[in-house]
Amino acid sequence: MRKYETTIIINSELEEAEITNTIEKIQGIITSNNGEVVNTDNWGVKKLAYEVKKRRSGFYSCIQFNGNADTIEELKRNYRIMDNLMKYIIIRLED
């Protein structure tokens, strides 16, 4: 398995419970697709450099995990259909 990191920006207008549920759902997607969550770092609400989906701020969260190509494809598929997400990026870390 390879090491990856995904950073997501969640709509900051959501309640704290909804933000937590979104992060837990993403972690569940990783673990249910042969992945392993290594670390989750919530950065909190930050001001955006430019407007995204008519919003000026978002809740940032960074998740480090181990996974394979299937894990990444399933994550991307789910990211595209999640209404709470404003932006996301997945990068592969060096071994």
# chains A, B, ... in the order shown; residues from 1 in each chain; ligands from 1
>>> select_by_dssp(residues="chain A", states="alpha helix (DSSP H)", output="JSON, numbers by chain")
{"A": [16, 17, 18, 19, 20, 21, 22, 23, 24, 25, 26, 27, 28, 29, 30, 31, 32, 69, 70, 71, 72, 73, 74, 75, 76, 77, 78, 79, 80, 81]}
>>> residues_around(residues="Ser61 in chain A", least_positions_apart="5", cutoff="9 Å", atoms="only C-alpha atoms", output="PDB file with N, CA and C atoms, in the first residue's frame")
ATOM      1  N   THR A   6      -5.102  13.486   1.857  1.00  0.00           N
ATOM      2  CA  THR A   6      -6.187  14.216   1.229  1.00  0.00           C
ATOM      3  C   THR A   6      -6.540  15.406   2.106  1.00  0.00           C
ATOM      4  N   THR A   7      -6.659  16.550   1.482  1.00  0.00           N
ATOM      5  CA  THR A   7      -7.086  17.758   2.175  1.00  0.00           C
ATOM      6  C   THR A   7      -8.435  18.158   1.605  1.00  0.00           C
ATOM      7  N   ILE A   8      -9.385  18.388   2.489  1.00  0.00           N
ATOM      8  CA  ILE A   8     -10.743  18.734   2.059  1.00  0.00           C
ATOM      9  C   ILE A   8     -11.155  20.060   2.686  1.00  0.00           C
ATOM     10  N   ILE A   9     -12.014  20.764   1.979  1.00  0.00           N
ATOM     11  CA  ILE A   9     -12.616  21.978   2.508  1.00  0.00           C
ATOM     12  C   ILE A   9     -14.119  21.732   2.564  1.00  0.00           C
ATOM     13  N   ILE A  10     -14.652  21.795   3.770  1.00  0.00           N
ATOM     14  CA  ILE A  10     -16.076  21.544   4.017  1.00  0.00           C
ATOM     15  C   ILE A  10     -16.774  22.875   4.237  1.00  0.00           C
ATOM     16  N   ILE A  23     -16.420  14.112   7.915  1.00  0.00           N
ATOM     17  CA  ILE A  23     -15.055  13.606   8.079  1.00  0.00           C
ATOM     18  C   ILE A  23     -15.076  12.110   8.396  1.00  0.00           C
ATOM     19  N   THR A  40      -5.582  12.163  11.280  1.00  0.00           N
ATOM     20  CA  THR A  40      -6.542  13.170  10.845  1.00  0.00           C
ATOM     21  C   THR A  40      -6.229  14.455  11.584  1.00  0.00           C
ATOM     22  N   ASP A  41      -6.043  15.516  10.830  1.00  0.00           N
ATOM     23  CA  ASP A  41      -5.696  16.810  11.402  1.00  0.00           C
ATOM     24  C   ASP A  41      -6.731  17.838  10.947  1.00  0.00           C
ATOM     25  N   ASN A  42      -7.572  18.273  11.885  1.00  0.00           N
ATOM     26  CA  ASN A  42      -8.587  19.281  11.576  1.00  0.00           C
ATOM     27  C   ASN A  42      -8.011  20.664  11.847  1.00  0.00           C
ATOM     28  N   TRP A  43      -7.971  21.508  10.810  1.00  0.00           N
ATOM     29  CA  TRP A  43      -7.389  22.831  10.921  1.00  0.00           C
ATOM     30  C   TRP A  43      -8.405  23.880  11.317  1.00  0.00           C
ATOM     31  N   GLY A  44      -9.679  23.568  11.223  1.00  0.00           N
ATOM     32  CA  GLY A  44     -10.717  24.516  11.600  1.00  0.00           C
ATOM     33  C   GLY A  44     -11.140  25.402  10.437  1.00  0.00           C
TER      34      GLY A  44
END
>>> closest_residue(among="A:Ile81, A:Val45, A:Val38, A:Met86", to="Phe65 in chain A", atoms="only C-alpha atoms")
A:Val38
>>> residues_around(residues="Asp83 in chain A", least_positions_apart="4", cutoff="10 Å", atoms="only C-alpha atoms", output="list in words")
Ile10, Asn11, Thr22, Asn78 and Tyr79 of chain A
>>> select_by_dssp(residues="chain A", states="strand (DSSP E)", output="NGL selection string")
:A and (2-11 or 36-52 or 55-67 or 85-92)
>>> write_last_selection(atoms="N, CA and C atoms", output="short mmCIF file (atom, residue, chain, number, x, y, z; two decimals), in the first residue's frame")
data_model
loop_
_atom_site.label_atom_id
_atom_site.label_comp_id
_atom_site.auth_asym_id
_atom_site.auth_seq_id
_atom_site.Cartn_x
_atom_site.Cartn_y
_atom_site.Cartn_z
N ARG A 2 0.35 2.27 -0.61
CA ARG A 2 1.08 3.53 -0.69
C ARG A 2 0.52 4.54 0.28
N LYS A 3 1.33 5.55 0.58
CA LYS A 3 0.92 6.60 1.51
C LYS A 3 0.30 7.76 0.73
N TYR A 4 -0.85 8.24 1.22
CA TYR A 4 -1.55 9.35 0.58
C TYR A 4 -1.97 10.37 1.63
N GLU A 5 -2.32 11.54 1.13
CA GLU A 5 -2.86 12.59 1.99
C GLU A 5 -3.97 13.28 1.21
N THR A 6 -5.10 13.49 1.86
CA THR A 6 -6.19 14.22 1.23
C THR A 6 -6.54 15.41 2.11
N THR A 7 -6.66 16.55 1.48
CA THR A 7 -7.09 17.76 2.17
C THR A 7 -8.43 18.16 1.61
N ILE A 8 -9.38 18.39 2.49
CA ILE A 8 -10.74 18.73 2.06
C ILE A 8 -11.15 20.06 2.69
N ILE A 9 -12.01 20.76 1.98
CA ILE A 9 -12.62 21.98 2.51
C ILE A 9 -14.12 21.73 2.56
N ILE A 10 -14.65 21.79 3.77
CA ILE A 10 -16.08 21.54 4.02
C ILE A 10 -16.77 22.88 4.24
N ASN A 11 -18.01 22.95 3.81
CA ASN A 11 -18.83 24.15 4.01
C ASN A 11 -18.83 24.53 5.49
N GLU A 36 -6.20 2.39 5.24
CA GLU A 36 -5.94 2.52 6.67
C GLU A 36 -5.68 4.00 6.97
N VAL A 37 -6.51 4.59 7.82
CA VAL A 37 -6.33 5.99 8.21
C VAL A 37 -5.19 6.06 9.21
N VAL A 38 -4.19 6.91 8.92
CA VAL A 38 -3.02 7.04 9.77
C VAL A 38 -3.19 8.22 10.73
N ASN A 39 -3.66 9.37 10.20
CA ASN A 39 -3.78 10.57 11.01
C ASN A 39 -4.84 11.49 10.41
N THR A 40 -5.58 12.16 11.28
CA THR A 40 -6.54 13.17 10.84
C THR A 40 -6.23 14.46 11.58
N ASP A 41 -6.04 15.52 10.83
CA ASP A 41 -5.70 16.81 11.40
C ASP A 41 -6.73 17.84 10.95
N ASN A 42 -7.57 18.27 11.89
CA ASN A 42 -8.59 19.28 11.58
C ASN A 42 -8.01 20.66 11.85
N TRP A 43 -7.97 21.51 10.81
CA TRP A 43 -7.39 22.83 10.92
C TRP A 43 -8.40 23.88 11.32
N GLY A 44 -9.68 23.57 11.22
CA GLY A 44 -10.72 24.52 11.60
C GLY A 44 -11.14 25.40 10.44
N VAL A 45 -11.89 26.44 10.76
CA VAL A 45 -12.41 27.36 9.75
C VAL A 45 -11.33 28.36 9.36
N LYS A 46 -11.09 28.47 8.07
CA LYS A 46 -10.09 29.40 7.54
C LYS A 46 -10.73 30.23 6.42
N LYS A 47 -10.23 31.43 6.26
CA LYS A 47 -10.68 32.29 5.18
C LYS A 47 -10.06 31.79 3.88
N LEU A 48 -10.86 31.75 2.82
CA LEU A 48 -10.38 31.30 1.52
C LEU A 48 -9.72 32.44 0.76
N ALA A 49 -8.78 32.11 -0.09
CA ALA A 49 -8.08 33.12 -0.89
C ALA A 49 -9.02 33.74 -1.93
N TYR A 50 -9.98 32.96 -2.37
CA TYR A 50 -10.97 33.43 -3.34
C TYR A 50 -12.29 32.73 -3.06
N GLU A 51 -13.35 33.26 -3.58
CA GLU A 51 -14.69 32.74 -3.33
C GLU A 51 -14.86 31.38 -4.01
N VAL A 52 -15.38 30.40 -3.25
CA VAL A 52 -15.65 29.07 -3.76
C VAL A 52 -17.11 28.75 -3.45
N ARG A 55 -18.89 31.18 -1.23
CA ARG A 55 -18.51 31.24 0.18
C ARG A 55 -17.09 31.77 0.32
N ARG A 56 -16.84 32.47 1.42
CA ARG A 56 -15.53 33.08 1.66
C ARG A 56 -14.69 32.33 2.69
N SER A 57 -15.26 31.31 3.36
CA SER A 57 -14.51 30.54 4.34
C SER A 57 -14.93 29.08 4.28
N GLY A 58 -14.06 28.21 4.82
CA GLY A 58 -14.35 26.78 4.82
C GLY A 58 -13.62 26.10 5.96
N PHE A 59 -14.11 24.92 6.33
CA PHE A 59 -13.49 24.11 7.38
C PHE A 59 -12.51 23.16 6.71
N TYR A 60 -11.24 23.27 7.08
CA TYR A 60 -10.17 22.46 6.49
C TYR A 60 -9.91 21.21 7.34
N SER A 61 -9.69 20.10 6.67
CA SER A 61 -9.30 18.87 7.33
C SER A 61 -8.31 18.13 6.44
N CYS A 62 -7.28 17.58 7.06
CA CYS A 62 -6.24 16.85 6.33
C CYS A 62 -6.18 15.42 6.89
N ILE A 63 -6.31 14.44 6.01
CA ILE A 63 -6.33 13.03 6.41
C ILE A 63 -5.17 12.31 5.72
N GLN A 64 -4.29 11.72 6.50
CA GLN A 64 -3.21 10.90 5.96
C GLN A 64 -3.65 9.44 6.06
N PHE A 65 -3.41 8.69 4.97
CA PHE A 65 -3.86 7.30 4.97
C PHE A 65 -3.00 6.46 4.04
N ASN A 66 -3.10 5.15 4.23
CA ASN A 66 -2.46 4.19 3.34
C ASN A 66 -3.57 3.56 2.50
N GLY A 67 -3.29 3.37 1.22
CA GLY A 67 -4.31 2.80 0.35
C GLY A 67 -3.75 2.37 -0.98
N LEU A 85 -18.86 19.13 0.58
CA LEU A 85 -17.48 19.45 0.20
C LEU A 85 -17.45 20.60 -0.79
N MET A 86 -16.51 21.52 -0.55
CA MET A 86 -16.32 22.63 -1.47
C MET A 86 -15.14 22.36 -2.41
N LYS A 87 -14.05 21.84 -1.86
CA LYS A 87 -12.84 21.52 -2.63
C LYS A 87 -12.16 20.32 -1.99
N TYR A 88 -11.34 19.62 -2.79
CA TYR A 88 -10.56 18.51 -2.26
C TYR A 88 -9.32 18.31 -3.11
N ILE A 89 -8.33 17.68 -2.52
CA ILE A 89 -7.13 17.27 -3.26
C ILE A 89 -6.61 15.99 -2.61
N ILE A 90 -6.11 15.09 -3.46
CA ILE A 90 -5.49 13.86 -2.98
C ILE A 90 -4.09 13.82 -3.55
N ILE A 91 -3.09 13.67 -2.69
CA ILE A 91 -1.70 13.58 -3.17
C ILE A 91 -1.04 12.32 -2.62
N ARG A 92 -0.11 11.79 -3.40
CA ARG A 92 0.66 10.62 -2.96
C ARG A 92 1.93 11.11 -2.28
#
>>> atom_distance(atom1="CA of Ala17 in chain A", atom2="CA of Met82 in chain A")
15.9 Å
>>> atom_distance(atom1="CA of Asn33 in chain A", atom2="CA of Glu74 in chain A")
7.6 Å
>>> decode(residues="range 39-87 of chain A", atoms="C-alpha atoms", output="short mmCIF file (atom, residue, chain, number, x, y, z; two decimals), in the first residue's frame")
data_model
loop_
_atom_site.label_atom_id
_atom_site.label_comp_id
_atom_site.auth_asym_id
_atom_site.auth_seq_id
_atom_site.Cartn_x
_atom_site.Cartn_y
_atom_site.Cartn_z
CA ASN A 39 -3.78 10.57 11.01
CA THR A 40 -6.54 13.17 10.84
CA ASP A 41 -5.70 16.81 11.40
CA ASN A 42 -8.59 19.28 11.58
CA TRP A 43 -7.39 22.83 10.92
CA GLY A 44 -10.72 24.52 11.60
CA VAL A 45 -12.41 27.36 9.75
CA LYS A 46 -10.09 29.40 7.54
CA LYS A 47 -10.68 32.29 5.18
CA LEU A 48 -10.38 31.30 1.52
CA ALA A 49 -8.08 33.12 -0.89
CA TYR A 50 -10.97 33.43 -3.34
CA GLU A 51 -14.69 32.74 -3.33
CA VAL A 52 -15.65 29.07 -3.76
CA LYS A 53 -19.31 28.17 -4.32
CA LYS A 54 -20.26 31.68 -3.18
CA ARG A 55 -18.51 31.24 0.18
CA ARG A 56 -15.53 33.08 1.66
CA SER A 57 -14.51 30.54 4.34
CA GLY A 58 -14.35 26.78 4.82
CA PHE A 59 -13.49 24.11 7.38
CA TYR A 60 -10.17 22.46 6.49
CA SER A 61 -9.30 18.87 7.33
CA CYS A 62 -6.24 16.85 6.33
CA ILE A 63 -6.33 13.03 6.41
CA GLN A 64 -3.21 10.90 5.96
CA PHE A 65 -3.86 7.30 4.97
CA ASN A 66 -2.46 4.19 3.34
CA GLY A 67 -4.31 2.80 0.35
CA ASN A 68 -4.27 1.55 -3.21
CA ALA A 69 -5.70 2.67 -6.56
CA ASP A 70 -9.19 1.34 -5.72
CA THR A 71 -9.24 3.41 -2.52
CA ILE A 72 -8.38 6.57 -4.45
CA GLU A 73 -10.98 5.97 -7.17
CA GLU A 74 -13.73 5.38 -4.61
CA LEU A 75 -12.72 8.51 -2.70
CA LYS A 76 -12.84 10.63 -5.87
CA ARG A 77 -16.23 9.18 -6.82
CA ASN A 78 -17.67 10.03 -3.42
CA TYR A 79 -16.07 13.50 -3.32
CA ARG A 80 -17.83 14.43 -6.57
CA ILE A 81 -21.27 13.65 -5.16
CA MET A 82 -20.86 15.02 -1.61
CA ASP A 83 -22.75 18.30 -1.25
CA ASN A 84 -20.90 19.37 1.91
CA LEU A 85 -17.48 19.45 0.20
CA MET A 86 -16.32 22.63 -1.47
CA LYS A 87 -12.84 21.52 -2.63
#
